[in-house]
Amino acid sequence: MKLSTRLLRGFALSLVAAGVAVSVAGAQEVRMIEAGGLSGDSIQAGYLDPFMEKTGIKVIRENPSGLGKLRAMVEAGNITAVLLELGSPELEQAKALDLVEPLDWDLIDPLPIFDEARDDYGFGYQYYSTIIAWRSDAKPLTGLADLWNVDEFPGKRALPDYPAFLLPLALVADGVAPDDLYPLDLDRAFA
């Protein structure tokens, strides 16, 4: 049993499709596993509250989310949630492990959505940007390569501890064109 059913598809459609009320296979309540914290609170306010008001279906949030939780549910044959929040790298792992099934985009179609946010097995709903910032009294950086140049730009760095964000930055700094980043060349990123 994989995490994806008519219930999941109906829930995803109801959750994100503006102005369309869709029943979730007669369910009175569904579970969503998400990251929690402020992210979970924003999901509650932006998606879940409007969904519950529109459909009358109660959504119970559970956290934290993660690939391990998804894998345990699938391998035990005990799927307890219809929607699971995963980052892009975890979604790729879930696909490789055959833990998820393709979505029916003809049914879901959550417009507006960036083309890059569509995946056969999930969709993006949070977007972010990465910037380089430095003290105003320091020599200005001109690009990502300067971030790693500790000789010309000495001092402390604050970097994310999430490889999915950091490794592409290292590759761009090393001259990889953004369109050529994926799949990531890990040997080059760590060189």
# chains A, B, ... in the order shown; residues from 1 in each chain; ligands from 1

call {"tool": "residues_around", "arguments": {"residues": "Ala170 in chain A", "least_positions_apart": "6", "cutoff": "9 Å", "atoms": "only C-alpha atoms", "output": "JSON, numbers by chain"}}
result
{"A": [144, 145, 148, 176, 188, 189, 190]}

call {"tool": "residues_around", "arguments": {"residues": "Ala72 in chain A", "least_positions_apart": "6", "cutoff": "10 Å", "atoms": "only C-alpha atoms", "output": "VMD selection string"}}
result
chain A and resid 78 to 79 99

call {"tool": "write_last_selection", "arguments": {"atoms": "N, CA and C atoms", "output": "PDB file, in the first residue's frame"}}
result
ATOM      1  N   ASN A  78      -0.131   0.580   7.187  1.00  0.00           N
ATOM      2  CA  ASN A  78      -1.022   1.342   8.059  1.00  0.00           C
ATOM      3  C   ASN A  78      -0.871   2.833   7.759  1.00  0.00           C
ATOM      4  N   ILE A  79      -1.539   3.268   6.704  1.00  0.00           N
ATOM      5  CA  ILE A  79      -1.473   4.668   6.295  1.00  0.00           C
ATOM      6  C   ILE A  79      -2.434   5.459   7.174  1.00  0.00           C
ATOM      7  N   LEU A  99       7.375   4.602  -2.454  1.00  0.00           N
ATOM      8  CA  LEU A  99       6.475   4.843  -1.327  1.00  0.00           C
ATOM      9  C   LEU A  99       5.267   5.693  -1.700  1.00  0.00           C
TER      10      LEU A  99
END

call {"tool": "select_by_dssp", "arguments": {"residues": "range 68-171 of chain A", "states": "alpha helix (DSSP H)", "output": "VMD selection string"}}
result
chain A and resid 68 to 76 88 to 96 105 to 108 144 to 148 163 to 171

call {"tool": "residues_around", "arguments": {"residues": "range 151-166 of chain A", "least_positions_apart": "3", "cutoff": "9 Å", "atoms": "only C-alpha atoms", "output": "MDAnalysis selection string"}}
result
chainID A and resid 87:89 130 138:141 146:148 169:171

call {"tool": "closest_residue", "arguments": {"among": "A:Leu107, A:Met32, A:Ile57, A:Leu67", "to": "Leu84 in chain A", "atoms": "only C-alpha atoms"}}
result
A:Met32
